[in-house]
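Below is run-v4.cif, holding mmCIF, C-alpha atoms; chains and numbers go by the auth columns.
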data_start
#
loop_
_atom_site.group_PDB
_atom_site.id
_atom_site.type_symbol
_atom_site.label_atom_id
_atom_site.label_comp_id
_atom_site.label_asym_id
_atom_site.label_seq_id
_atom_site.Cartn_x
_atom_site.Cartn_y
_atom_site.Cartn_z
_atom_site.B_iso_or_equiv
_atom_site.auth_seq_id
_atom_site.auth_asym_id
ATOM 1 C CA MET A 1 26.780 18.420 -29.279 0.00 93 R
ATOM 2 C CA ASN A 2 27.534 22.104 -28.959 0.00 94 R
ATOM 3 C CA ASP A 3 25.135 24.711 -27.557 0.00 95 R
ATOM 4 C CA ASP A 4 24.123 25.938 -31.024 0.00 96 R
ATOM 5 C CA THR A 5 23.055 22.425 -32.102 0.00 97 R
ATOM 6 C CA LYS A 6 21.153 21.914 -28.843 0.00 98 R
ATOM 7 C CA ASP A 7 19.265 25.203 -29.350 0.00 99 R
ATOM 8 C CA ARG A 8 18.246 24.252 -32.922 0.00 100 R
ATOM 9 C CA THR A 9 17.094 20.814 -31.767 0.00 101 R
ATOM 10 C CA ALA A 10 15.039 22.336 -28.947 0.00 102 R
ATOM 11 C CA ARG A 11 13.438 24.848 -31.350 0.00 103 R
ATOM 12 C CA ARG A 12 12.528 22.071 -33.772 0.00 104 R
ATOM 13 C CA ARG A 13 10.861 20.080 -30.988 0.00 105 R
ATOM 14 C CA VAL A 14 8.882 23.104 -29.842 0.00 106 R
ATOM 15 C CA LEU A 15 7.848 23.869 -33.421 0.00 107 R
ATOM 16 C CA ALA A 16 6.842 20.251 -34.094 0.00 108 R
ATOM 17 C CA GLY A 17 4.860 20.129 -30.855 0.00 109 R
ATOM 18 C CA GLY A 18 3.110 23.389 -31.694 0.00 110 R
ATOM 19 C CA ILE A 19 2.161 22.127 -35.145 0.00 111 R
ATOM 20 C CA ALA A 20 0.756 18.920 -33.639 0.00 112 R
ATOM 21 C CA VAL A 21 -1.348 20.905 -31.151 0.00 113 R
ATOM 22 C CA LEU A 22 -2.701 23.170 -33.901 0.00 114 R
ATOM 23 C CA ALA A 23 -3.551 20.227 -36.156 0.00 115 R
ATOM 24 C CA GLY A 24 -5.331 18.435 -33.309 0.00 116 R
ATOM 25 C CA GLY A 25 -7.335 21.548 -32.502 0.00 117 R
ATOM 26 C CA MET A 26 -8.374 21.902 -36.124 0.00 118 R
ATOM 27 C CA LEU A 27 -9.614 18.308 -36.202 0.00 119 R
ATOM 28 C CA VAL A 28 -11.658 18.798 -33.037 0.00 120 R
ATOM 29 C CA ARG A 29 -13.240 21.955 -34.470 0.00 121 R
ATOM 30 C CA ALA A 30 -14.039 20.217 -37.765 0.00 122 R
ATOM 31 C CA ALA A 31 -15.741 17.340 -35.949 0.00 123 R
ATOM 32 C CA ALA A 32 -17.750 19.737 -33.785 0.00 124 R
ATOM 33 C CA ALA A 33 -18.805 21.684 -36.868 0.00 125 R
ATOM 34 C CA GLN A 34 -20.335 18.621 -38.475 0.00 126 R
ATOM 35 C CA GLN A 35 -24.053 18.867 -38.088 0.00 127 R
ATOM 36 C CA LYS A 36 -26.735 16.269 -38.451 0.00 128 R
ATOM 37 C CA LEU A 37 -29.205 16.452 -41.287 0.00 129 R
ATOM 38 C CA GLU A 38 -32.780 17.546 -40.770 0.00 130 R
ATOM 39 C CA GLN A 39 -35.379 14.793 -41.072 0.00 131 R
ATOM 40 C CA ALA A 40 -37.052 16.438 -44.071 0.00 132 R
ATOM 41 C CA ALA A 41 -33.737 16.532 -45.962 0.00 133 R
ATOM 42 C CA VAL A 42 -33.496 12.717 -45.850 0.00 134 R
ATOM 43 C CA GLN A 43 -37.227 12.108 -46.294 0.00 135 R
ATOM 44 C CA TYR A 44 -37.504 10.532 -42.831 0.00 136 R
ATOM 45 C CA GLN A 45 -40.722 8.684 -42.060 0.00 137 R
ATOM 46 C CA ASP A 46 -41.703 6.894 -38.853 0.00 138 R
ATOM 47 C CA HIS A 47 -42.541 3.620 -40.598 0.00 139 R
ATOM 48 C CA PRO A 48 -40.455 1.132 -42.595 0.00 140 R
ATOM 49 C CA LYS A 49 -40.122 1.021 -46.383 0.00 141 R
ATOM 50 C CA ASP A 50 -39.813 -2.308 -48.182 0.00 142 R
ATOM 51 C CA GLY A 51 -38.448 -4.020 -45.067 0.00 143 R
ATOM 52 C CA GLN A 52 -35.859 -1.297 -44.509 0.00 144 R
ATOM 53 C CA LYS A 53 -36.028 0.313 -41.074 0.00 145 R
ATOM 54 C CA CYS A 54 -33.806 2.322 -38.780 0.00 146 R
ATOM 55 C CA SER A 55 -33.234 -0.467 -36.251 0.00 147 R
ATOM 56 C CA ILE A 56 -31.260 -2.437 -38.882 0.00 148 R
ATOM 57 C CA CYS A 57 -29.338 0.592 -40.208 0.00 149 R
ATOM 58 C CA VAL A 58 -25.644 1.134 -39.403 0.00 150 R
ATOM 59 C CA ASN A 59 -26.392 4.745 -38.430 0.00 151 R
ATOM 60 C CA PHE A 60 -29.090 3.952 -35.848 0.00 152 R
ATOM 61 C CA ILE A 61 -28.230 4.628 -32.197 0.00 153 R
ATOM 62 C CA ALA A 62 -30.597 2.777 -29.866 0.00 154 R
ATOM 63 C CA PRO A 63 -33.035 3.531 -28.478 0.00 155 R
ATOM 64 C CA ASN A 64 -34.111 6.453 -30.697 0.00 156 R
ATOM 65 C CA ALA A 65 -31.295 8.400 -32.372 0.00 157 R
ATOM 66 C CA CYS A 66 -29.212 8.452 -35.538 0.00 158 R
ATOM 67 C CA LYS A 67 -25.594 9.335 -36.332 0.00 159 R
ATOM 68 C CA LEU A 68 -26.711 11.340 -39.379 0.00 160 R
ATOM 69 C CA VAL A 69 -30.234 12.628 -38.711 0.00 161 R
ATOM 70 C CA ASN A 70 -31.454 15.143 -36.123 0.00 162 R
ATOM 71 C CA GLY A 71 -34.268 14.501 -33.697 0.00 163 R
ATOM 72 C CA THR A 72 -36.018 11.489 -32.264 0.00 164 R
ATOM 73 C CA ILE A 73 -35.785 8.498 -34.589 0.00 165 R
ATOM 74 C CA SER A 74 -38.192 5.558 -34.454 0.00 166 R
ATOM 75 C CA PRO A 75 -36.568 2.109 -34.675 0.00 167 R
ATOM 76 C CA GLU A 76 -39.349 1.368 -37.179 0.00 168 R
ATOM 77 C CA GLY A 77 -38.607 4.517 -39.218 0.00 169 R
ATOM 78 C CA TYR A 78 -36.863 4.888 -42.570 0.00 170 R
ATOM 79 C CA CYS A 79 -34.980 7.531 -44.564 0.00 171 R
ATOM 80 C CA ILE A 80 -32.978 7.689 -47.779 0.00 172 R
ATOM 81 C CA ALA A 81 -29.713 7.502 -45.816 0.00 173 R
ATOM 82 C CA PHE A 82 -30.550 3.896 -44.883 0.00 174 R
ATOM 83 C CA ALA A 83 -27.519 1.576 -44.938 0.00 175 R
ATOM 84 C CA PRO A 84 -28.104 -1.986 -43.703 0.00 176 R
ATOM 85 C CA LYS A 85 -25.895 -3.458 -40.999 0.00 177 R
ATOM 86 C CA ASP A 86 -23.705 -6.364 -42.109 0.00 178 R
ATOM 87 C CA SER A 87 -25.362 -9.625 -41.195 0.00 179 R
#

Take the structure from the file and write it as structure tokens.
Amino acid sequence: MNDDTKDRTARRRVLAGGIAVLAGGMLVRAAAAQQKLEQAAVQYQDHPKDGQKCSICVNFIAPNACKLVNGTISPEGYCIAFAPKDS
């Protein structure tokens, strides 16, 4: 390989690395920008509805949180974002 080819290869690696860093940073910012929904927006209530309750929802985080909804979440609560865990 001559010096000119080595220089082009080095530039390509630097460029590719820079693009990867930028893309990774954009993904981190996008994830941080995601915000949880307010309880009123999903009609959250602190009691179950027709046997559906937060403690059996895929989005529930024990002991009292949710992946999608802001605030303290009762395991006995319910909202329209309910999605049952696979049995």

Chain and number of each residue from the PyMOL selection byres ((chain R and resi 137) around 10), as a list in words
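Given this file, the PyMOL selection byres ((chain R and resi 137) around 10) evaluates to Gln131, Ala132, Val134, Gln135, Tyr136, Asp138, His139, Pro140, Lys141, Lys145, Cys146, Ile165, Ser166, Glu168, Gly169, Tyr170, Cys171 and Ile172 of chain R.
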
Two-atom distance - CA of Lys128 in chain R, CA of Asp142 in chain R (Å):
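Distance between the two atoms: 24.7 Å.
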
Pairwise distance, CA of Pro167 in chain R with CA of Ala154 in chain R, equals 7.7 Å

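For the atom pair formed by CA of Gln144 in chain R and CA of Gln127 in chain R, the distance is 24.2 Å, given to one decimal.
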
Let me make sure I understand: among R:Asp178, R:Val150, R:Glu130, R:Asp95, which one has the smallest atom-to-atom distance to Gly163 in chain R if we use all atoms listed in the file?
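With all atoms listed in the file as the atom set, the closest residue is R:Glu130.
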